[in-house]
Amino acid sequence: LENTDAVAAVVKLCREHGLFLIPQGGNTGLVLGSSSTEPASVILSLERLNSVGPIDPVGKTVRVESGVVLDQLQSALADLNLTLPLHLGSGGSAQIGGLISTNAGGCHAFRHGMMADQVLGLEVVLPDGKIWNGNRALIKDNAGYALRRLFCGAEGSLGVVTSATLRLIHKPADLQTMLLACDSVSDALSILSLCESAAGSLLNAAEFIDRVGLELLKRHQPHVQQALDDIPNVALLIELASPSNLVPLGPIVESILESAMDQSLASDGVIANNEQQRQTMWTLRESIPEGQRLHGAQLKHDIAIPVASLAEFLEKATQAVLTVLPTALVNPFGHLADGNVHFNLSAPAGQDESLIKNQQALNSAVYDTVVQFEGSIAAEHGLGRSKVRLADSSRSVIERTLMKSIKRSIDPDGRMNPDVILAATDAVPNQRD
Ligand SMILES: Cc1cc2nc3c(=O)[nH]c(=O)nc-3n(C[C@H](O)[C@H](O)[C@H](O)COP(=O)(O)OP(=O)(O)OC[C@H]3O[C@@H](n4cnc5c(N)ncnc54)[C@H](O)[C@@H]3O)c2cc1C
């Protein structure tokens, strides 16, 4: 499909024929939101809605169609010294419509917000085939409900996003990146505090990786450089970004490293001297999921915990997992500064069966601990079909009722991507609670 009218025509056709409609972006969502086993459904690919522009370098906004891939957008913006402050490992495939519909997070969310915070306006084909043009480019717009927000993170359950107006920033003039070796996540959190007091809003990323992930990577992708001499208990990637050459970062990053070593919070540390060394550090971080995938079966948990409780949570959740399966390999990694952890589990080589057999008990061990710490069971990947029942069961009655009424008022027939956000039966009108 090449334009919004064509999308609207397909939505109307599906409605007339009683078919379910599942929008699909880059299909990188990891939670089964953009595929379906339901026979009466149409999967709608947005990949041909792929134009970028106009770009407004004064207001720092861009109009972009939903099938544009994130890296494609970043390349188009780079010539104008602009960027969308969103960075994730799937940037080569994930599309703007998918990023909006999952409200993607990534490495800079603690600094710039999530995808919804970059969305100033949207165009959406609604479940009845009507086109809502809300493609405004205003930062301040209090004229009623912020309708665009409803579609951010809706996972295609309320309509098809066809284009958006996004807020941009200038590309950083200076980037300084370093990798530190820590004994524990507690020490990594203390380094995070050092960074916040030394660099404030110049802190651009704080990513942690557990020893288990580094060892799996060394085993299955030995060509990926580890950057530090020895594998530490916890590796911490810190990046600062400055908008201006008048605010040089070199002295700040050096003083953070010095303080971390003086206070025995880090036993080793290396500052990237050039772009290639910087890329080596990011490649290490971004190869962790692939290293684990190559090892065999895995159970993934994309969760968020209040930052101050992170170290305690990791200890308790690991204990809970090992009580169920003492041989489990616990591989937590992720975005330290906003408490978003990918708490992923594997089994020792050749023992995948043990992980699969205990899947339910292991998931409960993790999610029960998340609930105890007042965290989120779905931090940045959304619910898709894999977590929808878990989410439904953990919502309060008021939350569930509000969500149901939103779904029913916009999609009364429950035809738009059923079984995400709310379990499918809940989308049927007049059903009893
Ligand atoms: C290696 C890797 C690293 C990742 N890292 C991160 C990370 O750091 N942070 C993060 O947040 N996520 C991450 N993800 C998850 C994923 O990339 C994001 O969820 C992304 O936003 C999905 O975009 P997509 O285009 O692939 O959407 P899809 O997977 O195709 O779809 C996702 C959902 O959005 C809906 N949808 C898609 N397009 C539209 C549209 N135009 N209109 C309405 N609904 C639509 C689909 O129906 C589905 O429910 C990662 C994934 C991988 C594979």
# chains A, B, ... in the order shown; residues from 1 in each chain; ligands from 1
$ closest_atom_pairs --of "chain A" --to "ligand 1" --cutoff "6 Å" --atoms "only C-alpha atoms and all ligand atoms" --output "Markdown table"
| residue | atom | partner | partner_atom_place_in_ligand_line | distance |
| --- | --- | --- | --- | --- |
| A:Ile22 | CA | ligand 1 | 47 (O) | 5.3 |
| A:Pro23 | CA | ligand 1 | 47 (O) | 4.2 |
| A:Gln24 | CA | ligand 1 | 30 (O) | 4.1 |
| A:Gly25 | CA | ligand 1 | 30 (O) | 3.3 |
| A:Gly26 | CA | ligand 1 | 26 (O) | 3.4 |
| A:Asn27 | CA | ligand 1 | 30 (O) | 3.2 |
| A:Thr28 | CA | ligand 1 | 26 (O) | 3.6 |
| A:Gly29 | CA | ligand 1 | 29 (O) | 3.3 |
| A:Leu30 | CA | ligand 1 | 15 (C) | 5.9 |
| A:Gly33 | CA | ligand 1 | 49 (O) | 3.7 |
| A:Ser34 | CA | ligand 1 | 47 (O) | 4.0 |
| A:Leu46 | CA | ligand 1 | 41 (N) | 5.9 |
| A:Ser66 | CA | ligand 1 | 41 (N) | 5.1 |
| A:Leu88 | CA | ligand 1 | 8 (O) | 4.1 |
| A:Gly89 | CA | ligand 1 | 3 (C) | 4.0 |
| A:Ser90 | CA | ligand 1 | 2 (C) | 4.4 |
| A:Ala94 | CA | ligand 1 | 25 (O) | 3.7 |
| A:Gln95 | CA | ligand 1 | 25 (O) | 3.7 |
| A:Gly97 | CA | ligand 1 | 41 (N) | 3.7 |
| A:Gly98 | CA | ligand 1 | 27 (O) | 3.5 |
| A:Leu99 | CA | ligand 1 | 21 (O) | 3.3 |
| A:Ser101 | CA | ligand 1 | 34 (O) | 4.5 |
| A:Thr102 | CA | ligand 1 | 21 (O) | 5.1 |
| A:Ala104 | CA | ligand 1 | 11 (O) | 3.4 |
| A:Gly105 | CA | ligand 1 | 11 (O) | 3.8 |
| A:Gly106 | CA | ligand 1 | 8 (O) | 3.6 |
| A:Glu155 | CA | ligand 1 | 49 (O) | 3.7 |
| A:Gly156 | CA | ligand 1 | 44 (N) | 3.2 |
| A:Gly159 | CA | ligand 1 | 43 (C) | 5.9 |
| A:Val160 | CA | ligand 1 | 42 (N) | 3.7 |
| A:Val161 | CA | ligand 1 | 42 (N) | 3.7 |
| A:Thr162 | CA | ligand 1 | 41 (N) | 5.6 |
| A:Glu380 | CA | ligand 1 | 11 (O) | 4.2 |
| A:His381 | CA | ligand 1 | 19 (O) | 4.5 |
| A:Gly384 | CA | ligand 1 | 49 (O) | 5.8 |
$ residues_around --residues "A:His87" --least-positions-apart "5" --cutoff "10 Å" --atoms "only C-alpha atoms" --output "ChimeraX atom specification"
/A:70-71,74,104-109,205
$ atom_distance --atom1 "atom CA of A:Tyr367" --atom2 "atom CA of A:Gly296"
22.2 Å
$ select_by_dssp --residues "stretch 154-317 of chain A" --states "strand (DSSP E)" --output "ChimeraX atom specification"
/A:160-167,169-170,174-182,203-210,234-242,268-271,302-304
$ select_by_dssp --residues "stretch 139-205 of chain A" --states "helix (DSSP H, G or I)" --output "PyMOL selection string"
chain A and resi 147-151+185-202
$ residues_around --residues "A:Asp183" --least-positions-apart "6" --cutoff "8 Å" --atoms "only C-alpha atoms" --output "ChimeraX atom specification"
/A:232-234,265-267
$ residues_around --residues "stretch 413-417 of chain A" --least-positions-apart "2" --cutoff "7 Å" --atoms "only C-alpha atoms" --output "number ranges by chain"
A: 19-22, 127, 156-159, 411, 419-420, 427-428
$ closest_atom_pairs --of "stretch 341-400 of chain A" --to "stretch 326-334 of chain A" --cutoff "6 Å" --atoms "only C-alpha atoms" --output "tab-separated table"
residue	atom	partner	partner_atom	distance
A:Val341	CA	A:Gly334	CA	4.8
A:His342	CA	A:Phe333	CA	5.4
A:Phe343	CA	A:Pro332	CA	4.3
A:Asn344	CA	A:Asn331	CA	5.2
A:Leu345	CA	A:Val330	CA	4.9
A:Ser346	CA	A:Leu329	CA	5.0
A:Ala347	CA	A:Ala328	CA	5.0
$ write_last_selection --atoms "N, CA and C atoms" --output "PDB file, in the first residue's frame"
ATOM      1  N   VAL A 341      15.318  -3.286  32.738  1.00  0.00           N
ATOM      2  CA  VAL A 341      16.214  -4.438  32.669  1.00  0.00           C
ATOM      3  C   VAL A 341      15.651  -5.486  31.718  1.00  0.00           C
ATOM      4  N   HIS A 342      16.527  -6.054  30.887  1.00  0.00           N
ATOM      5  CA  HIS A 342      16.147  -7.251  30.129  1.00  0.00           C
ATOM      6  C   HIS A 342      16.646  -8.429  30.962  1.00  0.00           C
ATOM      7  N   PHE A 343      15.737  -9.024  31.711  1.00  0.00           N
ATOM      8  CA  PHE A 343      16.091 -10.064  32.686  1.00  0.00           C
ATOM      9  C   PHE A 343      15.869 -11.413  32.002  1.00  0.00           C
ATOM     10  N   ASN A 344      16.880 -11.821  31.247  1.00  0.00           N
ATOM     11  CA  ASN A 344      16.718 -12.977  30.357  1.00  0.00           C
ATOM     12  C   ASN A 344      17.397 -14.224  30.930  1.00  0.00           C
ATOM     13  N   LEU A 345      16.750 -15.363  30.732  1.00  0.00           N
ATOM     14  CA  LEU A 345      17.239 -16.618  31.307  1.00  0.00           C
ATOM     15  C   LEU A 345      17.605 -17.621  30.222  1.00  0.00           C
ATOM     16  N   SER A 346      18.673 -18.368  30.467  1.00  0.00           N
ATOM     17  CA  SER A 346      19.046 -19.494  29.605  1.00  0.00           C
ATOM     18  C   SER A 346      19.357 -20.677  30.509  1.00  0.00           C
ATOM     19  N   ALA A 347      19.676 -21.816  29.863  1.00  0.00           N
ATOM     20  CA  ALA A 347      20.107 -22.994  30.617  1.00  0.00           C
ATOM     21  C   ALA A 347      21.545 -23.305  30.204  1.00  0.00           C
TER      22      ALA A 347
END
$ closest_residue --among "A:Leu299, A:Ile410, A:Val370, A:Ala391" --to "A:Val125" --atoms "only C-alpha atoms"
A:Ile410
$ decode --residues "stretch 278-292 of chain A" --atoms "N, CA and C atoms" --output "PDB file, in the first residue's frame"
ATOM      1  N   ARG A 278      34.524   3.856  20.084  1.00  0.00           N
ATOM      2  CA  ARG A 278      33.167   4.075  20.607  1.00  0.00           C
ATOM      3  C   ARG A 278      32.226   3.004  20.052  1.00  0.00           C
ATOM      4  N   GLN A 279      32.329   2.766  18.751  1.00  0.00           N
ATOM      5  CA  GLN A 279      31.477   1.754  18.119  1.00  0.00           C
ATOM      6  C   GLN A 279      31.741   0.366  18.710  1.00  0.00           C
ATOM      7  N   THR A 280      33.016   0.078  19.049  1.00  0.00           N
ATOM      8  CA  THR A 280      33.348  -1.220  19.652  1.00  0.00           C
ATOM      9  C   THR A 280      32.571  -1.413  20.955  1.00  0.00           C
ATOM     10  N   MET A 281      32.489  -0.340  21.739  1.00  0.00           N
ATOM     11  CA  MET A 281      31.772  -0.436  23.021  1.00  0.00           C
ATOM     12  C   MET A 281      30.279  -0.661  22.796  1.00  0.00           C
ATOM     13  N   TRP A 282      29.724   0.075  21.825  1.00  0.00           N
ATOM     14  CA  TRP A 282      28.289  -0.089  21.555  1.00  0.00           C
ATOM     15  C   TRP A 282      27.992  -1.458  20.933  1.00  0.00           C
ATOM     16  N   THR A 283      28.923  -1.940  20.100  1.00  0.00           N
ATOM     17  CA  THR A 283      28.711  -3.265  19.500  1.00  0.00           C
ATOM     18  C   THR A 283      28.681  -4.324  20.598  1.00  0.00           C
ATOM     19  N   LEU A 284      29.567  -4.160  21.571  1.00  0.00           N
ATOM     20  CA  LEU A 284      29.577  -5.107  22.702  1.00  0.00           C
ATOM     21  C   LEU A 284      28.211  -5.115  23.371  1.00  0.00           C
ATOM     22  N   ARG A 285      27.712  -3.945  23.704  1.00  0.00           N
ATOM     23  CA  ARG A 285      26.413  -3.854  24.377  1.00  0.00           C
ATOM     24  C   ARG A 285      25.299  -4.453  23.513  1.00  0.00           C
ATOM     25  N   GLU A 286      25.323  -4.099  22.228  1.00  0.00           N
ATOM     26  CA  GLU A 286      24.182  -4.493  21.387  1.00  0.00           C
ATOM     27  C   GLU A 286      24.270  -5.924  20.888  1.00  0.00           C
ATOM     28  N   SER A 287      25.409  -6.570  21.115  1.00  0.00           N
ATOM     29  CA  SER A 287      25.528  -7.983  20.702  1.00  0.00           C
ATOM     30  C   SER A 287      25.066  -8.936  21.798  1.00  0.00           C
ATOM     31  N   ILE A 288      24.800  -8.403  22.987  1.00  0.00           N
ATOM     32  CA  ILE A 288      24.442  -9.291  24.110  1.00  0.00           C
ATOM     33  C   ILE A 288      23.204 -10.150  23.796  1.00  0.00           C
ATOM     34  N   PRO A 289      22.108  -9.578  23.243  1.00  0.00           N
ATOM     35  CA  PRO A 289      20.953 -10.442  22.938  1.00  0.00           C
ATOM     36  C   PRO A 289      21.310 -11.544  21.936  1.00  0.00           C
ATOM     37  N   GLU A 290      22.121 -11.238  20.944  1.00  0.00           N
ATOM     38  CA  GLU A 290      22.469 -12.230  19.928  1.00  0.00           C
ATOM     39  C   GLU A 290      23.342 -13.345  20.533  1.00  0.00           C
ATOM     40  N   GLY A 291      24.268 -12.957  21.420  1.00  0.00           N
ATOM     41  CA  GLY A 291      25.103 -13.963  22.086  1.00  0.00           C
ATOM     42  C   GLY A 291      24.235 -14.958  22.843  1.00  0.00           C
ATOM     43  N   GLN A 292      23.195 -14.442  23.496  1.00  0.00           N
ATOM     44  CA  GLN A 292      22.318 -15.336  24.268  1.00  0.00           C
ATOM     45  C   GLN A 292      21.450 -16.177  23.331  1.00  0.00           C
TER      46      GLN A 292
END
